[in-house]
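Before any comments, here is the structure.
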Amino acid sequence: MSSRFPNPENVPADEPAAIGGALSCDWLLDAYAHGYFPWYSERQPILWWCPDPRFVLATEDVRISRSLGKELEKDWWRVTLDAAFEQVIRACATRPRKGQVDTWIVEDMVQAYCALHEHGFAHSVECWQDETLVGGLYGVSLGTLFFGESMFHTVPNASKLAFVTLVQTLQDWGIDLIDCQQPTDYLASFGAVSWPRSRFLKELHRRLGKPSRQGPWTLCD
């Protein structure tokens with residue numbers, strides 16, 4: 001059990017489970033390994049969450065609509081991995097989460113996840129139109145689990161194209177579960193479902209027993 005965080009089985013379902021600490025790579029990796037993630041706004045201390053239930057997507061269960069499938073066949077877009085991590089996270093920071101006036105991706109978070117990216121644990125997916133970044137997402141990968149953090153788009157379907165490419169790539173690599181954290185209609189449309197926290201933590205522990213795909217990612221791997 002982590003010395004930094006309380007037992008995640010016993011923390012509130014819909015309130016911060018811990019307050020304070022740091023956003024160093026060690027803290028972040030420890031948090032994710034125990035089911036926690038940081039989520040707070042400017043002028044707040046660092047807040048750590050481990051919600052119950054947990055919204056997840058098994059890569060084998062992803063649903064792709066017919067219209068999105070047709071969009072995937074078009075040649076107006078291209079997708080890359082880890083080509084513009086900081087650009088992606090800063091673009092995500094311009095889009096506050098539902099229910100928040102300010103962005104939760106404050107500057108300290110940007111710097112922390114960029115450092116985690118440099119250590120090979122945080123990754124981005126970029127969707128491009130010519131040389132313009134028009135959508136993408138970022139998250140953290142440990143074992144055979146990907147922790148999705150945030151996504152953005154500036155043209156229709158760009159974030160969906162990035163997400164579907166990620167899901168298909170993760171499935172090829174044997175990374176078979178995506179932690180979506182909180183329920184959204186957007187992710188539910190792809191097949192994400194709610195799990196009891198106890199089930200999520202059990203599956204998290206099992207998947208952390210597998211090697212992490214650490215280092216820069218490319219679609220040619």
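How things are named: the first chain in the structure tokens is A, the next is B, and so on; residues count from 1 in each chain; ligands count from 1 in the order shown.
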Give me, as a tab-separated table, the closest atom pair and its distance (Å, one decimal) for every residue of range 184-203 of chain A within a cut-off of 6 Å of range 47-59 of chain A, counting only C-alpha atoms, rows sorted by chain and rising number.
```
residue	atom	partner	partner_atom	distance
A:Ala192	CA	A:Leu57	CA	4.2
A:Val193	CA	A:Phe55	CA	5.5
A:Ser194	CA	A:Phe55	CA	4.4
A:Trp195	CA	A:Arg54	CA	5.2
A:Pro196	CA	A:Pro53	CA	4.6
A:Arg197	CA	A:Asp52	CA	4.9
```
*Hey, which of A:Trp77, A:Phe121, A:Tyr32, A:Tyr186 ends up closest to Pro216 in chain A? Count only C-alpha atoms.*
A:Phe121
*Counting only C-alpha atoms, what is within 12 Å of Gln44 in chain A, bar same-chain residues fewer than 2 positions away, as an MDAnalysis selection string?*
chainID A and resid 16 19:20 38:42 46:48 102:104 106 108
*asked:* Report as a list in words all protein, DNA and RNA residues lying within 12 Å of Pro156 in chain A, evaluated on only C-alpha atoms, omitting residues in the same chain fewer than 2 positions from it.
replied: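 Once the nearby chain positions are removed, what remains is Leu68, Glu71, Trp77, Cys127, Gln129, Val134, Gly135, Gly136, Phe152, His153, Thr154, Ala158, Ser159, Lys160, Leu161 and Ala162 of chain A.
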May I have the residues within 9 Å of Ser24 in chain A as a tab-separated table (two decimals) with C-alpha atoms, in the first residue's frame, using only C-alpha atoms and disregarding those fewer than 3 positions away in the same chain?
```
chain	number	residue	atom	x	y	z
A	27	TRP	CA	3.90	11.13	-6.83
A	28	LEU	CA	1.96	10.81	-10.08
A	29	LEU	CA	3.10	7.26	-10.77
A	112	ALA	CA	4.18	17.78	-14.37
A	113	TYR	CA	2.74	15.76	-17.25
A	115	ALA	CA	7.96	15.66	-17.21
A	116	LEU	CA	6.05	12.37	-17.05
```
*Which is closest to Asp30 in chain A among A:Ala188, A:Ser67, A:Asp75, A:Leu208, if we use only C-alpha atoms?*
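With only C-alpha atoms as the atom set, the closest residue is A:Leu208.
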_In range 2-196 of chain A, DSSP strand (DSSP E) residues written as a VMD selection string_ = chain A and resid 18 to 19 37 to 38 47 to 49 54 to 58 78 to 81 122 to 129 132 to 142 145 to 153 177 to 181 193 to 195
